[in-house]
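J.: Below is a structure I'd like to ask you about.
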Amino acid sequence: MTGSLFKGNFWSTDILSTIGYDSIIQHLNNGRKNCKEFEDFLKERASIEEKYGKDLLNLSRKKPCGQSEINTLKRALEVFKQQVDNVAQCHIQLAQTLREEARKMEEFREKQKLLRKKTETIMDAAHKQRNAQFKKAMDAKKNYEQKCRDKDEAEQAVHRSANVANQRQQEKLFVKLATSKTAVEDSDKAYMLHINMLEKVREDWQSEHIKACEVFEAQECERINFFRNALWLHLNQLSQQCVANDEMYEQVRKSLETCSIEKDIQYFVNQRKTGQTPPAPIMYENFYSPQRNAAPPGKTTGPNPARRGPLPVPKRIPDDPDYSVVEDYSLLYQ
């Protein structure tokens, strides 16, 4: 903590001036405003972190990401989705932490506000008392000076009337002079009394001003320290978030290191293979060839024990009108 700098640097030669005090109060108000701004910053950052965490959570749980992958790459993707889910949870937790830090800043501001209020109330009363007593002293001084001028005029009147005025007039002038001297003495005493009272009030006010400067300086040191530590803690939290995220992503990288292209290819082959024999060549078949196979194209041919033998050659019966041979037909119309 620094020395007592406030109490030695915020005075004014004008006894009624509050310029030094006002300057300190303005600085404290600015400091309180700065704390409020940081508090609002933390709250808004918390909202951003929470929204990001929830959006990331929805993305991880609802959006497909390589869902048809198989074997080692599938396991790596499962780790990836789980770690993204964990990262989202970390951001949501960070939002709660930031709101807690904002709450602490708010409590600190309110505590300083209450402490300041007590000192400001005392100083406001000291300023009013000082100003009121100063006015009384100045009024007493004005009255005293006027009484002195009245006495001087009475003395001059007595001197002027020494040779021209009659006895009765001189007596009146002497009475007026005596009265004016008494008024001067009374106003002088009153003036002195108010000056003494003003001095006491001034000393009291000066003492309270010094105390207020010490209190305000201590508060400002506390505020700067608290603000600095709060900002430092905020950065540490953000750094920890990055470290935690990287540790989660490292789990994904480790899973990817175990991913094997050969194993995934072999796994696919083992799970989905359809056979190892390709189709036989499609051969040319002469329609009139006795060896013509009636098997449909693309099918492998071979002996079929269930197939019937060749049809028997029918015997020629010339007189049978329902039976004809090839020789009976001609391609030319007769």
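Residue numbering restarts at 1 for every chain of the structure tokens, chains are lettered A, B, ... in their displayed order, and ligands are numbered from 1 as they appear.
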For Glu155 of chain A, please output as a count of residues only all residues within 10 Å (counting only C-alpha atoms; exclusion window: fewer than 3 positions along the same chain).
T.: 14
J.: Based on DSSP run over this structure's backbone, return all residues of segment 228-279 of chain A in helix (DSSP H, G or I), as number ranges by chain.
T.: A: 228-257, 261-272
J.: Let me make sure I understand: among A:Tyr249, A:Phe6, A:Phe108, A:Phe134, which one has the smallest atom-to-atom distance to Ala218 of chain A if we use only C-alpha atoms?
T.: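 The closest residue to Ala218 of chain A is A:Phe6.
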J.: For the atom pair atom CA of Tyr21 of chain A and atom CA of Met192 of chain A, what is the interatomic distance in Å to one decimal place?
T.: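 A separation of 28.9 Å between them.
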J.: Would you pick out the contacts of segment 35-45 of chain A at 9 Å or less, using only C-alpha atoms, so that residues sharing its chain but fewer than 5 positions from it are not included, and give the list as a PyMOL selection string?
T.: chain A and resi 30+50+95+98-99+101-106+109+223+227+231+234
J.: What is the atom CA of Lys141 of chain A to atom CA of Met123 of chain A distance in Å?
T.: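 Those two atoms sit 26.4 Å apart.
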J.: If you count only C-alpha atoms, which residues fall within 8 Å of Ile19 of chain A, apart from same-chain ones fewer than 6 positions away, as a list in words?
T.: Phe10, Trp11 and Ser12 of chain A
